[in-house]
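These notes are about the structure you will find just below.
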Amino acid sequence: MTAATDITVTLSVNGTTVTRTAGGHLSLLRWLRDIADVTDPKYGCGEGVCGACTVLVDGEPASACIVLAAQVDGAAITTAAGLCEADGSLGPLQQRFHEQHAAQCGFCTPGMLLCAHAMLRDADGALTRDEIREQLHGNLCRCTGYTDIVDAIEDAQSRGITR
Amino acid sequence: MFVKPFRYERADSLADAAAMLRAADGGAKVLAGGQSLLPMLNLGLLDFDALIDVGHVGGRAHGIAREDGYLTIGALTTHRELERDAEVVADQPLVSAAVGWVGSSRIRARGTIGGSLAHSDPAAELPLAMVVTGATYDLTDGTTTRTVKATDFHESYFTTALAEDELIERVSVPVLGPGWGWGFAEVSRRRGDFAIVAAAALVRVMDGHIVESRVGLAGVGDRPMRLGAIEIAVEGAGVVDVGERVGPLEGLDTVTDVSATAEHRRHLARVLAARALTDATKRAAA
Amino acid sequence: MTSEIHTSKLEELRVVHQPLARHDQAEKIAGTTRYAGDLAYAGMLHARLVRSQVPSARLTRRDVSAAVAVPGVVAVLLGEDVPNNEIRVDVPGQTIAVGALQASMQVLATDRVRFHGEPIALVIAETEDALAIACELVEVGYDDLPVVSDPEQALADDAPSVHDGGNLLAEWNIDRGDVDAAFADAAVVVEETYRTQFVDHAYLEPEAGVGWIDDDGVLTLRVATQVVEHYRDVAKILGVPDAKVRVIAPYVGGGFGGKEDMTVEPYLAIAVHLTRKPVRMLWTRNESLLARAKRHRNVMRYRTAAAADGTLLAHDIEILSDAGAYAYLSALVLLYSTVHACGPYRVPNVRIRSKTAYTNNPPTSAFRGFGGMQMVLGYESQIDEVARRLGIDPGEIRKRNALVRGDRLPVGQEIITEVQLAQTIDAVRERAGDKPAPSGPRKAVGRAIASNMQSYGRLVWLNDSAASWIGFQMDGSLSVRCGVPDIGGGQASSLGQIASEILAVDIDRISVHFGDSSLNPLAGTTTATRQLLMSGNATYAAAVLLRDQVLGAVAAETGQPVESLRMDTGEIVGPETRTTVLSALQICRRRNVPVEALGTFFGPKGKEVTRDLDGDRIFPDFTFGTHLADVEVDLDTGEVRILRYIAAHDVGRAINPMSVEGQIAGAVVQGLGQALLEDVVVQEGVNLTPGLFQYMIPTATDVPDIETVILESGEGLGPFGARGIGEPPIGPPIAVIPAAIADAVGARPTTLPVTPERVLEAAARGSRDA
């Protein structure tokens with residue numbers, strides 16, 4: 001049995017600088033949820049396969065459950081809450097999700113939103129529905145059947161919304 | 001979620017990491033992108049005292065360059081960098097194609113080529129591409145560097161030729177020569193999952209006929225393997241008949257697991273080898 | 001456009017029937033919803049289970065000394081530490097020598113384990129790190145016992161007993177008409193055996209919760225559950241009065257039946273009870289996949305007789321289901337299988353023998369469709385085969401045999417609402433148009449339809465009821481209190497819509513307080529597609545009571561006849577006067593008229609069944625539907641791509657069409673997962689698929705857009721004529737996919753999931769037969 005080494009990690013979380021000293025073995029997901037009380041990234045599998053813990057690390061989507069917080073010390077982290085307006089109301093992409101009924105139980109939704117944001121931001125030309133599905137394949141949803149989520153992303157794209 | 005505490009150590013160089021590995025005496029593992037290692041850790045499949053993070057080292061472990069008929073790829077190159085690199089797409093498209101099948105975009109964004117090769121999953125796409133292209137790996141222990149062929153490096157399930165204090169520094173992949181074409185075919189139960197079977201092929205065509213070929217499979221044995229018998233069988237074939245030259249692979253030694261029976265794997269191996277060869281021949285002839 | 005609505009008998013509605021963006025979704029999308037695992041108390045403890053590593057063994061040793069010694073560990077509890085370690089479950093309709101049969105299981109196993117993953121010890125610590133270390137140090141000695149790995153083996157004479165008293169947990173029989181005579185007269189007889197697999201709910205939110213002793217001294221659990229009424233079971237385990245336990249269900253990250261039985265509740269409760277501190281318990285995905293109850297795998301042997309014109313004459317059916325290691329709800333699930341076994345068709349002569357047997361496999365229990373859905377594979381495959389043999393169109397044969405109002409099911413229940421099965425068949429076909437062409441030379445395209453029926457509402461003899469309370473606030477806004485757990489289907493928000501409709505208060509001025517067993521009137525479980533029927537009708541009743549109270553007070557005050565008054569937004573409108581709601585509330589106060597009301601709805605009643613089913617009503621009612629699928633098969637690899645999928649259901653009335661469409665699309669994709677991908681593989685009792693890498697649910701690339709056609713007959717028993725829709729659409733996918741593959745390759749896969757290997761096997765049979 002080995003003692004954990006405590007490590008001081010500083011992350012910019014949705015624009016707010018957060019510095020905490022905690023075990024160096026903590027995943028980014030545990031660090032965010034248990035140390036920084038940022039609970040919108042969810043634990044769904046611990047294997048990076050379900051996408052519920054998706055966050056942006058310096059703008060790139062990552063599974064927070066299979067990244068150590070210490071690995072990304074100094075990075076800018078964006079969670080779904082970071083897509084909201086400054087007053088906490090829904091941002092444009094989130095509005096599309098709301099109006100298109102793209103959430104049911106809502107547990108996959110924070111990760112879905114970040115996946116959708118990154119694909120719209122990086123799209124080289126208009127994405128077809130099949131291309132949207134292709135890019136969603138790493139984010140599992142068990143409630144919606146995906147159709148409403150694809151609708152929301154397509155709707156956002158048609159309005160030029162990326163976040 | 002419930003992970004036994006361990007020490008997190010950050011290496012400044014590969015030599016530094018090798019020294020840390022020696023000091024830990026078997027109690028440490030190397031962390032690169034972590035996209036294979038950390039899932040296993042979370043599942044409780046690993047037990048170690050320390051993780052040595054090489055993600056921040058610089059030097060030869062980074063970057064993609066073309067040198068003397070080879071593409072040299074730093075071990076810390078991510079799947080995404082590899083997938084999008086214009087030089088790789090142009091000079092060894094088989095590698096670009098193979099990496100496109102790896103996991104989700106999140107995994108490709110963080111996972112590294114060195115990490116994937118050192119993990120040595122027998123169903124993984126990258127080791128297969130390396131074996132078929134005839135790549136070599138530079139391994140270093142901080143003081144000496146040796147070069148090992150991909151075919152010799154991948155020894156068995158999750159087992160490689162790496163010594164306990166060695167790391168992959170960079171990979172050299174021969175570029176696709178004139179007259180050569182490539183093909184890659186895979187079947188998985190679900191998009192982004194490890195292959196049940198994957199096949200990769202390179203062929204050189206002259207006057208519409210195959211004069212040289214390299215074909216390999218992942219997902220059928222304990223490591224990626226070349227199929228010498230098929231390479232002989234397709235010699236002289238063209239686009240129309242290359243697929244038919246791939247006979248039944250009844251002797252293929254493979255396993256039954258939760259994703260497929262051995263019998264189905266043998267069937268898929270034949271179908272996919274034929275598809276990869278057909279595509280490669282078409283490309284070479286074009 | 002992926003959805004269309006066909007409406008009849010629609011009264012004038014303002015809010016109900018509108019496709020409203022649900023209020024709960026805004027918080028979920030903003031990321032602010034606090035799910036069960038998101039709540040944390042400063043200084044809370046953490047708890048984790050040590051689970052059996054083997055499927056069947058006598059426990060020879062449980063040594064906790066090393067675990068207790070780990071710094072930060074507060075306690076390691078064994079079964080002996082649990083006040084009442086035994087949970088007893090009623091097994092209805094079954095008898096032993098005297099009285100009703102009860103099955104038992106232990107909260108923590110003390111002397112014997114019966115499945116891989118069964119809880120043995122509960123570790124409580126100050127940190128999750130300490131748990132990670134300590135759980136590995138609990139030493140358990142196993143003396144392996146024989147493993148009973150399948151129900152056929154379980155029922156053999158010489159089978160080892162999983163529980164004392166043999167492995168047959170429950171059986172049900174139906175005998176109607178003269179089956180043997182019908183087979184003797186038949187123009188065609190079709191016989192086949194169908195097999196379904198264990199399936200996991202695989203909701204995205206693993207089991208989780210936090211518990212504490214609240215300021216009122218009540219042990220309070222805030223957990224991911226479909227059933228807040230488990231507070232009673234928790235109280236029994238702790239040996240405290242029911243009134244001293246409270247369960248709160250926050251928004252749940254998916255249920256599908258998997259959070260119908262207790263999961264974290266007993267363990268969290270024991271940890272809180274003994275430490276008197278707040279405790280959090282999170283199950284890993286691995287634990288969820290290993291140890292929580294699955295969908296039953298069924299073996300279904302069908303023999304079907306039909307006349308030359310396609311009229312179904314008889315079914316002779318044997319069902320055997322795998323109950324796994326503990327009883328849970330297996331007997332009831334099998335009852336659903338038995339009652340639904342003939343599908344939405346009139347079958348005059350029926351013999352059904354069904355059994356469920358204990359094994360050393362993971363326990364099996366509730367899952368969306370609850371035993372009814374597996375049978376769709378059987379009855380739809382059979383009717384297709386009858387049609388093929390007689391050269392009748394698959395749609396035509398279904399219409400010819402479809403139940404109509406006044407028909408009786410084999411179990412004896414009369415169909416009391418209009419059945420629009422034929423309309424659903426026409427709807428999917430009209431929308432589908434022509435079958436597409438294959439995309440290449442070694443590809444084959446197939447099309448098929450499959451229909452089903454599924455009950456909504458609980459078994460009538462359970463005397464189901466639900467209550468809901470609505471009160472006006474002084475400013476005219478509304479509070480609704482109803483104990484319904486919201487598991488993502490819009491259960492809470494639809495109550496707001498109903499209240500808004502009747503009381504003419506804007507939906508954004510209504511709060512729905514839900515999922516609390518102490519502070520809400522109890523509404524029963526969010527299971528069995530019952531909440532719209534039950535809590536919907538209760539809320540409807542409360543709203544009508546409250547409206548009538550307020551209108552009565554205004555009538556008395558103004559001297560107008562009460563019948564002449566109605567509520568409009570913000571005011572009470574009469575022939576001559578308009579009274580603001582605020583004035584009306586003042587009038588109520590002056591006249592001692594309450595401005596709140598409690599509505600209670602009692603479900604339909606009936607008598608309890610016995611093992612030999614021969615009675616009357618057993619369910620409140622049923623929902624009917626038809627699905628159509630186009631698939632393309634790769635004849636070399638056996639891969640199946642779904643090109644097109646259309647689902648039509650008569651939902652009676654869509655309270656919120658967007659929620660209805662979402663329920664249908666989600667259920668379809670869950671069903672498609674069972675059809676093609678999902679399989680909890682258990683080999684000699686050992687679970688080989690305990691992660692989401694191995695247990696594969698559909699991704700966005702595995703399924704097409706789900707097109708829905710909503711029919712509104714207005715015939716349902718719910719508010720405004722609604723039928724339940726949560727479960728019904730999960731049935732047809734498991735039949736329509738094999739049928740479409742059969743259309744493509746010439747022979748039908750009969751075992752789920754239809755893996756590429758099974759597709760190739762069917763294709764080989766198909767080309768042999770051709």
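Ligands are numbered from 1 in the order shown, residues from 1 within each chain, and chains are lettered A, B, ... in the order they appear in the structure tokens.
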* Write out as a list in words each polymer residue whose atoms come within 7 Å of Ala69 in chain A, counting only C-alpha atoms; drop sequence neighbours fewer than 6 positions from it. =>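 Once the adjacent positions are removed, what remains is Leu26, Ser27, Leu28 and Trp31 of chain A.
Proximity to range 90-97 of chain B at 9 Å, evaluated using only C-alpha atoms and with sequence-adjacent residues fewer than 3 positions away removed, yields B:Arg66, B:Tyr70, B:Leu71, B:His79, B:Leu82, B:Glu83, B:Arg84, B:Asp85, B:Ala86, B:Glu87, B:Gly100, B:Trp101, B:Glu125, B:Leu126, B:Ala129, B:Met130, B:Thr133, B:Val173, B:Pro174, B:Val175, B:Leu176, B:Gly177, B:Gly181, B:Trp182, B:Gly183, B:Phe184, B:Ala200, B:Ala201, B:Leu202.
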Give one line per residue of chain C that approaches chain B to at most 9 Å, naming the two atoms of the closest pair and their distance in Å to one decimal, counting only C-alpha atoms; sort by chain then ascending residue number and deliver it as a tab-separated table.
residue	atom	partner	partner_atom	distance
C:Glu128	CA	B:Phe2	CA	6.1
C:Asp129	CA	B:Lys4	CA	5.8
C:Ala130	CA	B:Lys4	CA	7.8
C:Leu131	CA	B:Phe2	CA	7.1
C:Ala132	CA	B:Phe2	CA	5.0
C:Ile133	CA	B:Lys4	CA	5.7
C:Leu282	CA	B:Met1	CA	8.8
C:Thr284	CA	B:Met1	CA	7.0
C:Asn286	CA	B:Leu43	CA	7.6
C:Asp636	CA	B:Val271	CA	6.7
C:Thr637	CA	B:Leu268	CA	6.4
C:Glu639	CA	B:Val187	CA	8.4
C:Leu677	CA	B:Arg189	CA	7.3
C:Asp679	CA	B:Val258	CA	9.0
C:Val681	CA	B:Val258	CA	7.0
C:Leu688	CA	B:Val258	CA	7.3
C:Thr689	CA	B:Val258	CA	7.8
C:Gly691	CA	B:Leu43	CA	8.6
C:Phe693	CA	B:Asp193	CA	7.4
C:Gln694	CA	B:Val258	CA	7.7
C:Met696	CA	B:Arg190	CA	7.4
C:Ile697	CA	B:Arg190	CA	8.7
C:Pro698	CA	B:Arg190	CA	7.6
C:Thr699	CA	B:Arg191	CA	7.6
C:Thr701	CA	B:Arg191	CA	6.9
C:Asp702	CA	B:Arg190	CA	7.1
C:Thr755	CA	B:Arg189	CA	8.3
C:Pro756	CA	B:Arg189	CA	8.4
C:Glu757	CA	B:His264	CA	6.4
Write the residues of the selection above to a file with N, CA and C atoms, as a CSV table (one decimal), in the first residue's frame.
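Now in part_23.csv:
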chain,number,residue,atom,x,y,z
C,128,GLU,N,-13.0,7.6,0.0
C,128,GLU,CA,-13.2,6.6,-1.0
C,128,GLU,C,-11.8,5.9,-1.2
C,129,ASP,N,-10.7,6.6,-1.0
C,129,ASP,CA,-9.4,5.9,-1.0
C,129,ASP,C,-9.3,4.8,0.0
C,130,ALA,N,-9.8,5.1,1.2
C,130,ALA,CA,-9.7,4.0,2.2
C,130,ALA,C,-10.6,2.8,1.8
C,131,LEU,N,-11.7,3.1,1.2
C,131,LEU,CA,-12.6,2.0,0.7
C,131,LEU,C,-11.9,1.2,-0.3
C,132,ALA,N,-11.2,1.9,-1.2
C,132,ALA,CA,-10.5,1.1,-2.3
C,132,ALA,C,-9.5,0.2,-1.7
C,133,ILE,N,-8.8,0.6,-0.6
C,133,ILE,CA,-7.8,-0.3,0.0
C,133,ILE,C,-8.5,-1.4,0.8
C,282,LEU,N,-21.9,5.0,-3.9
C,282,LEU,CA,-21.9,5.1,-5.4
C,282,LEU,C,-21.5,3.7,-5.9
C,284,THR,N,-20.1,1.3,-8.8
C,284,THR,CA,-19.4,1.5,-10.1
C,284,THR,C,-20.2,0.8,-11.2
C,286,ASN,N,-19.2,-1.4,-13.1
C,286,ASN,CA,-18.9,-2.8,-12.9
C,286,ASN,C,-19.9,-3.5,-11.9
C,636,ASP,N,-21.5,-11.2,-46.6
C,636,ASP,CA,-20.2,-11.8,-46.3
C,636,ASP,C,-19.9,-11.7,-44.8
C,637,THR,N,-20.2,-10.6,-44.2
C,637,THR,CA,-19.8,-10.4,-42.8
C,637,THR,C,-21.0,-10.7,-41.8
C,639,GLU,N,-23.1,-8.4,-41.0
C,639,GLU,CA,-23.4,-7.2,-40.4
C,639,GLU,C,-24.8,-6.7,-40.9
C,677,LEU,N,-27.5,-6.3,-30.4
C,677,LEU,CA,-26.1,-6.1,-29.8
C,677,LEU,C,-26.0,-6.7,-28.4
C,679,ASP,N,-26.0,-8.4,-24.7
C,679,ASP,CA,-26.0,-9.7,-24.2
C,679,ASP,C,-25.2,-9.7,-22.9
C,681,VAL,N,-23.4,-11.9,-20.9
C,681,VAL,CA,-22.9,-13.2,-21.1
C,681,VAL,C,-22.5,-13.8,-19.8
C,688,LEU,N,-19.3,-12.4,-17.8
C,688,LEU,CA,-18.1,-12.0,-18.7
C,688,LEU,C,-18.3,-10.7,-19.3
C,689,THR,N,-19.3,-9.9,-19.0
C,689,THR,CA,-19.5,-8.6,-19.7
C,689,THR,C,-19.8,-7.5,-18.7
C,691,GLY,N,-18.6,-4.6,-18.2
C,691,GLY,CA,-18.2,-3.2,-18.5
C,691,GLY,C,-18.9,-2.7,-19.7
C,693,PHE,N,-17.6,-1.6,-22.3
C,693,PHE,CA,-16.9,-2.1,-23.5
C,693,PHE,C,-17.5,-3.4,-24.0
C,694,GLN,N,-17.7,-4.3,-23.0
C,694,GLN,CA,-18.2,-5.6,-23.4
C,694,GLN,C,-19.7,-5.7,-23.5
C,696,MET,N,-22.6,-4.0,-24.9
C,696,MET,CA,-22.7,-3.0,-25.9
C,696,MET,C,-24.1,-2.5,-26.1
C,697,ILE,N,-24.4,-1.2,-25.7
C,697,ILE,CA,-25.6,-0.6,-26.0
C,697,ILE,C,-25.5,0.2,-27.3
C,698,PRO,N,-26.6,0.5,-28.0
C,698,PRO,CA,-26.4,1.1,-29.3
C,698,PRO,C,-25.8,2.5,-29.2
C,699,THR,N,-25.0,2.9,-30.1
C,699,THR,CA,-24.5,4.2,-30.3
C,699,THR,C,-25.3,4.9,-31.3
C,701,THR,N,-24.5,5.7,-34.1
C,701,THR,CA,-24.2,5.2,-35.5
C,701,THR,C,-24.9,3.8,-35.7
C,702,ASP,N,-25.4,3.2,-34.7
C,702,ASP,CA,-26.0,1.8,-34.8
C,702,ASP,C,-27.4,1.9,-35.2
C,755,THR,N,-26.6,-11.7,-33.7
C,755,THR,CA,-25.2,-11.4,-34.0
C,755,THR,C,-25.0,-11.6,-35.5
C,756,PRO,N,-23.9,-11.1,-36.0
C,756,PRO,CA,-23.5,-11.4,-37.4
C,756,PRO,C,-23.4,-12.9,-37.6
C,757,GLU,N,-22.9,-13.6,-36.6
C,757,GLU,CA,-22.8,-15.1,-36.8
C,757,GLU,C,-24.2,-15.7,-37.0
* To do: Write out as a PyMOL selection string the residues lying within 7 Å of range 104-121 of chain A, counting only C-alpha atoms and excluding same-chain residues fewer than 4 positions away.
  => (chain A and resi 40-41+51-55+61+80+136+139-141+143-144+153+157+162-163) or (chain C and resi 28-29+31+204-205+252-254+487-489)
N, CA and C atoms of the current selection, written as a tab-separated table (two decimals), in the first residue's frame:
chain	number	residue	atom	x	y	z
A	40	ASP	N	-21.39	18.78	-12.95
A	40	ASP	CA	-22.11	18.47	-14.20
A	40	ASP	C	-21.43	17.39	-15.04
A	41	PRO	N	-20.11	17.20	-15.00
A	41	PRO	CA	-19.59	15.99	-15.64
A	41	PRO	C	-19.97	14.78	-14.78
A	51	GLY	N	-19.01	8.55	-22.33
A	51	GLY	CA	-19.03	9.97	-22.68
A	51	GLY	C	-19.74	10.88	-21.68
A	52	ALA	N	-20.29	10.31	-20.59
A	52	ALA	CA	-21.02	11.15	-19.63
A	52	ALA	C	-20.10	12.15	-18.92
A	53	CYS	N	-18.80	11.86	-18.89
A	53	CYS	CA	-17.87	12.73	-18.18
A	53	CYS	C	-17.12	13.65	-19.15
A	54	THR	N	-17.59	13.75	-20.38
A	54	THR	CA	-16.89	14.57	-21.37
A	54	THR	C	-16.75	16.02	-20.91
A	55	VAL	N	-15.52	16.52	-20.96
A	55	VAL	CA	-15.24	17.95	-20.72
A	55	VAL	C	-14.29	18.39	-21.83
A	61	PRO	N	-12.30	17.82	-26.58
A	61	PRO	CA	-13.08	16.90	-25.74
A	61	PRO	C	-12.21	15.79	-25.15
A	80	ALA	N	-20.31	21.51	-19.26
A	80	ALA	CA	-21.56	21.95	-19.89
A	80	ALA	C	-22.04	23.27	-19.32
A	136	LEU	N	-21.09	11.52	-32.87
A	136	LEU	CA	-21.72	11.29	-31.57
A	136	LEU	C	-21.45	9.89	-31.03
A	139	ASN	N	-20.60	9.04	-27.38
A	139	ASN	CA	-21.44	9.52	-26.28
A	139	ASN	C	-22.73	8.72	-26.26
A	140	LEU	N	-22.88	7.89	-25.25
A	140	LEU	CA	-24.05	7.01	-25.19
A	140	LEU	C	-25.23	7.72	-24.55
A	141	CYS	N	-26.41	7.44	-25.09
A	141	CYS	CA	-27.66	7.90	-24.49
A	141	CYS	C	-28.59	6.70	-24.45
A	143	CYS	N	-31.94	7.08	-23.32
A	143	CYS	CA	-33.33	7.51	-23.22
A	143	CYS	C	-33.91	7.99	-24.55
A	144	THR	N	-33.16	8.78	-25.30
A	144	THR	CA	-33.78	9.52	-26.40
A	144	THR	C	-33.81	8.74	-27.70
A	153	ILE	N	-28.72	19.27	-32.95
A	153	ILE	CA	-27.43	19.67	-33.51
A	153	ILE	C	-27.62	20.20	-34.93
A	157	GLN	N	-26.79	23.91	-36.23
A	157	GLN	CA	-25.96	24.13	-37.42
A	157	GLN	C	-26.66	25.05	-38.42
A	162	THR	N	-22.64	27.49	-32.72
A	162	THR	CA	-21.64	26.48	-32.37
A	162	THR	C	-21.51	26.28	-30.87
A	163	ARG	N	-22.02	27.22	-30.08
A	163	ARG	CA	-21.94	26.99	-28.63
A	163	ARG	C	-23.12	27.63	-27.88
C	28	LYS	N	-31.39	20.37	-16.47
C	28	LYS	CA	-30.52	19.27	-16.89
C	28	LYS	C	-29.54	19.73	-17.95
C	29	ILE	N	-30.03	20.54	-18.87
C	29	ILE	CA	-29.20	21.01	-19.97
C	29	ILE	C	-28.19	22.05	-19.49
C	31	GLY	N	-26.84	21.81	-16.70
C	31	GLY	CA	-25.89	21.05	-15.88
C	31	GLY	C	-26.05	21.27	-14.39
C	204	LEU	N	-27.56	5.51	-17.98
C	204	LEU	CA	-26.26	6.17	-17.88
C	204	LEU	C	-25.86	6.43	-16.42
C	205	GLU	N	-26.85	6.55	-15.55
C	205	GLU	CA	-26.53	6.83	-14.14
C	205	GLU	C	-26.47	5.54	-13.33
C	252	VAL	N	-33.95	11.16	-11.72
C	252	VAL	CA	-33.21	9.92	-11.83
C	252	VAL	C	-32.61	9.82	-13.23
C	253	GLY	N	-31.36	9.38	-13.30
C	253	GLY	CA	-30.67	9.27	-14.58
C	253	GLY	C	-30.98	7.98	-15.30
C	254	GLY	N	-32.27	7.73	-15.46
C	254	GLY	CA	-32.72	6.53	-16.18
C	254	GLY	C	-33.09	5.42	-15.22
C	487	ILE	N	-38.17	9.70	-13.61
C	487	ILE	CA	-36.99	8.97	-14.06
C	487	ILE	C	-36.57	9.39	-15.46
C	488	GLY	N	-37.05	10.54	-15.89
C	488	GLY	CA	-36.60	11.07	-17.18
C	488	GLY	C	-37.68	11.10	-18.23
C	489	GLY	N	-38.82	10.50	-17.92
C	489	GLY	CA	-39.89	10.44	-18.91
C	489	GLY	C	-40.83	11.63	-18.86
* To do: Determine which residues of range 209-285 of chain B receive a DSSP assignment of alpha helix (DSSP H), computed from the backbone, and state them as number ranges by chain.
  => B: 228-233, 242-245, 262-285
Go ahead and write the selection's residues with N, CA and C atoms as a short mmCIF file (atom, residue, chain, number, x, y, z; two decimals), in the first residue's frame.
data_model
loop_
_atom_site.label_atom_id
_atom_site.label_comp_id
_atom_site.auth_asym_id
_atom_site.auth_seq_id
_atom_site.Cartn_x
_atom_site.Cartn_y
_atom_site.Cartn_z
N GLY B 228 1.61 -15.06 -44.50
CA GLY B 228 2.56 -15.39 -45.57
C GLY B 228 1.93 -16.21 -46.68
N ALA B 229 1.09 -17.14 -46.32
CA ALA B 229 0.49 -18.03 -47.32
C ALA B 229 -0.37 -17.24 -48.30
N ILE B 230 -1.09 -16.27 -47.77
CA ILE B 230 -1.94 -15.45 -48.64
C ILE B 230 -1.07 -14.58 -49.53
N GLU B 231 0.00 -14.05 -48.96
CA GLU B 231 0.89 -13.19 -49.75
C GLU B 231 1.41 -13.96 -50.97
N ILE B 232 1.70 -15.24 -50.76
CA ILE B 232 2.16 -16.06 -51.90
C ILE B 232 1.00 -16.31 -52.87
N ALA B 233 -0.16 -16.62 -52.29
CA ALA B 233 -1.30 -17.00 -53.13
C ALA B 233 -1.78 -15.90 -54.06
N VAL B 242 -8.20 -11.00 -57.11
CA VAL B 242 -7.37 -11.09 -55.90
C VAL B 242 -8.18 -11.61 -54.72
N GLY B 243 -9.43 -11.19 -54.60
CA GLY B 243 -10.27 -11.64 -53.49
C GLY B 243 -10.46 -13.15 -53.51
N GLU B 244 -10.66 -13.69 -54.71
CA GLU B 244 -10.89 -15.14 -54.81
C GLU B 244 -9.66 -15.95 -54.45
N ARG B 245 -8.49 -15.34 -54.62
CA ARG B 245 -7.27 -16.09 -54.30
C ARG B 245 -7.09 -16.32 -52.80
N ALA B 262 -14.50 -18.68 -32.64
CA ALA B 262 -13.29 -18.87 -33.44
C ALA B 262 -13.66 -19.09 -34.91
N GLU B 263 -14.73 -19.84 -35.12
CA GLU B 263 -15.15 -20.15 -36.49
C GLU B 263 -15.51 -18.87 -37.26
N HIS B 264 -16.25 -18.00 -36.58
CA HIS B 264 -16.65 -16.74 -37.22
C HIS B 264 -15.42 -15.86 -37.47
N ARG B 265 -14.49 -15.87 -36.54
CA ARG B 265 -13.26 -15.09 -36.74
C ARG B 265 -12.51 -15.57 -37.97
N ARG B 266 -12.42 -16.87 -38.14
CA ARG B 266 -11.73 -17.40 -39.33
C ARG B 266 -12.44 -16.96 -40.60
N HIS B 267 -13.77 -17.00 -40.54
CA HIS B 267 -14.56 -16.57 -41.69
C HIS B 267 -14.30 -15.08 -41.99
N LEU B 268 -14.37 -14.26 -40.94
CA LEU B 268 -14.16 -12.82 -41.13
C LEU B 268 -12.75 -12.53 -41.61
N ALA B 269 -11.79 -13.28 -41.09
CA ALA B 269 -10.39 -13.06 -41.48
C ALA B 269 -10.26 -13.21 -43.00
N ARG B 270 -10.91 -14.22 -43.54
CA ARG B 270 -10.84 -14.44 -44.98
C ARG B 270 -11.53 -13.31 -45.74
N VAL B 271 -12.75 -12.97 -45.29
CA VAL B 271 -13.51 -11.92 -45.97
C VAL B 271 -12.76 -10.60 -45.94
N LEU B 272 -12.23 -10.26 -44.77
CA LEU B 272 -11.61 -8.94 -44.61
C LEU B 272 -10.25 -8.88 -45.29
N ALA B 273 -9.51 -9.98 -45.24
CA ALA B 273 -8.22 -10.00 -45.96
C ALA B 273 -8.48 -9.79 -47.45
N ALA B 274 -9.51 -10.45 -47.95
CA ALA B 274 -9.85 -10.30 -49.37
C ALA B 274 -10.25 -8.86 -49.68
N ARG B 275 -11.04 -8.26 -48.79
CA ARG B 275 -11.46 -6.88 -49.02
C ARG B 275 -10.27 -5.92 -48.99
N ALA B 276 -9.40 -6.10 -47.99
CA ALA B 276 -8.25 -5.20 -47.87
C ALA B 276 -7.35 -5.35 -49.10
N LEU B 277 -7.17 -6.59 -49.54
CA LEU B 277 -6.32 -6.82 -50.72
C LEU B 277 -6.96 -6.24 -51.98
N THR B 278 -8.26 -6.40 -52.11
CA THR B 278 -8.94 -5.87 -53.29
C THR B 278 -8.81 -4.35 -53.35
N ASP B 279 -9.07 -3.71 -52.19
CA ASP B 279 -8.94 -2.25 -52.14
C ASP B 279 -7.51 -1.81 -52.45
N ALA B 280 -6.56 -2.53 -51.88
CA ALA B 280 -5.15 -2.18 -52.10
C ALA B 280 -4.79 -2.31 -53.58
N THR B 281 -5.29 -3.37 -54.18
CA THR B 281 -4.97 -3.61 -55.60
C THR B 281 -5.60 -2.53 -56.48
N LYS B 282 -6.85 -2.17 -56.15
CA LYS B 282 -7.51 -1.09 -56.90
C LYS B 282 -6.70 0.19 -56.80
N ARG B 283 -6.28 0.51 -55.57
CA ARG B 283 -5.53 1.76 -55.38
C ARG B 283 -4.19 1.72 -56.11
N ALA B 284 -3.55 0.56 -56.06
CA ALA B 284 -2.24 0.46 -56.71
C ALA B 284 -2.38 0.59 -58.22
N ALA B 285 -3.47 0.04 -58.74
CA ALA B 285 -3.67 0.06 -60.19
C ALA B 285 -4.12 1.43 -60.68
#
Closest contacts (chain B/chain A, max 6 Å, only C-alpha atoms) as a tab-separated table:
residue	atom	partner	partner_atom	distance
B:Pro5	CA	A:Ala4	CA	4.8
B:Phe6	CA	A:Ala4	CA	5.0
B:Arg7	CA	A:Thr5	CA	5.3
B:Tyr8	CA	A:Gly24	CA	5.3
B:Leu38	CA	A:Ile66	CA	5.2
B:Pro39	CA	A:Glu47	CA	4.4
B:Asn42	CA	A:Gly46	CA	5.9
B:Asp49	CA	A:Thr2	CA	5.9
B:Ser104	CA	A:Gly138	CA	5.1
B:Arg106	CA	A:Ala62	CA	4.9
